[in-house]
Each structure stands twice: as structure tokens, then as C-alpha cells.
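The next block holds one structure in the form of C-alpha cells; read it before the comments.
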Amino acid sequence: MVTINTSEDLLRALRDNPEWREAVRREILTEELMSLPARFDRFAARTEQSIDEQRQFNEGQH
């Protein structure tokens with residue numbers, strides 16, 4: 001059983017228990033913030049694709 005008396009106790013418990021940390025994250029963060037990693041991954045993939053397409057276009061211009 002974990003006893004939490006201070007904020008440092010809470011932080012240590014969250015570090016030691018990833019499932020607790022995830023539960024607290026879901027309570028604190030909005031859905032919009034929770035979705036940012038996936039949105040960024042999609043953005044990065046589209047950006048890389050656009051760069052590749054531009055590079056191919058540029059190579060065809062020579």
C-alpha cells in the first residue's frame with residue numbers, strides 16, 4: 001500500500017506506477033491535448049510526403 005503525504009510522494013508513486021500516471025493524465029489533460037501525439041504523427045508523415053514529392057518534382061526539372 002502506498003501512503004501519500006506530500007507532493008513528492010505523489011510524484012514518486014506516479015513514476016513507479018505508469019497506469020496511475022496515465023489515469024491522472026486522462027483526468028488532467030483535455031481530449032485535444034491527449035490527441036496531439038497522433039495528430040503530430042499524421043502531420044509529420046504528410047510533411048515528409050510533400051517534401052519527397054517536391055524533391056521528385058525538382059529532380060524532374062533538370
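Just so we're on the same page: first chain in the C-alpha cells is A, next is B, and so on; residues restart at 1 for each chain, and ligands are numbered from 1 in the order they show up.
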
Legend entry - DSSP helix (DSSP H, G or I) residues within region 1-51 of chain A, listed as number ranges by chain: A: 7-16, 18-28, 31-34, 36-51

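Of note, CA of Ala38 (chain A) and CA of Phe57 (chain A) are spaced 28.8 Å apart.
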
Legend entry - Leu11 (chain A) environment, 12 Å, only C-alpha atoms, sequence neighbours closer than 6 positions dropped, as a list in words: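 What passes the distance filter is Val2, Thr3, Ile4, Asn5, Asn17, Pro18, Trp20, Arg21 and Val24 of chain A.
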
Next, the residues of the selection above should be written as a PDB file, in the first residue's frame with N, CA, C and O atoms.
ATOM      1  N   VAL A   2       0.553   2.170  -0.849  1.00  0.00           N
ATOM      2  CA  VAL A   2       1.312   3.408  -0.962  1.00  0.00           C
ATOM      3  C   VAL A   2       0.658   4.471  -0.092  1.00  0.00           C
ATOM      4  O   VAL A   2      -0.552   4.669  -0.147  1.00  0.00           O
ATOM      5  N   THR A   3       1.481   5.135   0.706  1.00  0.00           N
ATOM      6  CA  THR A   3       0.993   6.255   1.515  1.00  0.00           C
ATOM      7  C   THR A   3       1.510   7.536   0.879  1.00  0.00           C
ATOM      8  O   THR A   3       2.701   7.669   0.614  1.00  0.00           O
ATOM      9  N   ILE A   4       0.585   8.452   0.643  1.00  0.00           N
ATOM     10  CA  ILE A   4       0.950   9.720   0.018  1.00  0.00           C
ATOM     11  C   ILE A   4       0.667  10.840   1.005  1.00  0.00           C
ATOM     12  O   ILE A   4      -0.486  11.109   1.343  1.00  0.00           O
ATOM     13  N   ASN A   5       1.749  11.468   1.474  1.00  0.00           N
ATOM     14  CA  ASN A   5       1.623  12.581   2.413  1.00  0.00           C
ATOM     15  C   ASN A   5       2.089  13.903   1.818  1.00  0.00           C
ATOM     16  O   ASN A   5       1.719  14.959   2.300  1.00  0.00           O
ATOM     17  N   ASN A  17       4.260   3.863 -10.973  1.00  0.00           N
ATOM     18  CA  ASN A  17       3.043   3.190 -11.427  1.00  0.00           C
ATOM     19  C   ASN A  17       2.531   3.841 -12.712  1.00  0.00           C
ATOM     20  O   ASN A  17       1.690   4.741 -12.672  1.00  0.00           O
ATOM     21  N   PRO A  18       3.009   3.383 -13.855  1.00  0.00           N
ATOM     22  CA  PRO A  18       2.613   4.002 -15.126  1.00  0.00           C
ATOM     23  C   PRO A  18       1.097   4.032 -15.335  1.00  0.00           C
ATOM     24  O   PRO A  18       0.581   4.983 -15.925  1.00  0.00           O
ATOM     25  N   TRP A  20      -1.173   4.471 -13.053  1.00  0.00           N
ATOM     26  CA  TRP A  20      -1.681   5.611 -12.280  1.00  0.00           C
ATOM     27  C   TRP A  20      -1.396   6.907 -13.023  1.00  0.00           C
ATOM     28  O   TRP A  20      -2.238   7.790 -13.107  1.00  0.00           O
ATOM     29  N   ARG A  21      -0.147   7.000 -13.544  1.00  0.00           N
ATOM     30  CA  ARG A  21       0.244   8.215 -14.276  1.00  0.00           C
ATOM     31  C   ARG A  21      -0.689   8.443 -15.467  1.00  0.00           C
ATOM     32  O   ARG A  21      -1.144   9.560 -15.710  1.00  0.00           O
ATOM     33  N   VAL A  24      -4.101   9.711 -14.247  1.00  0.00           N
ATOM     34  CA  VAL A  24      -4.038  11.128 -13.861  1.00  0.00           C
ATOM     35  C   VAL A  24      -3.963  12.003 -15.107  1.00  0.00           C
ATOM     36  O   VAL A  24      -4.629  13.031 -15.208  1.00  0.00           O
TER      37      VAL A  24
END

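Atom pair CA of Leu14 (chain A) / CA of Thr30 (chain A) has a distance of 19.1 Å (rounded to one decimal).
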
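Rounded to one decimal, CA of Pro37 (chain A) and CA of Arg25 (chain A) lie 13.7 Å from each other.
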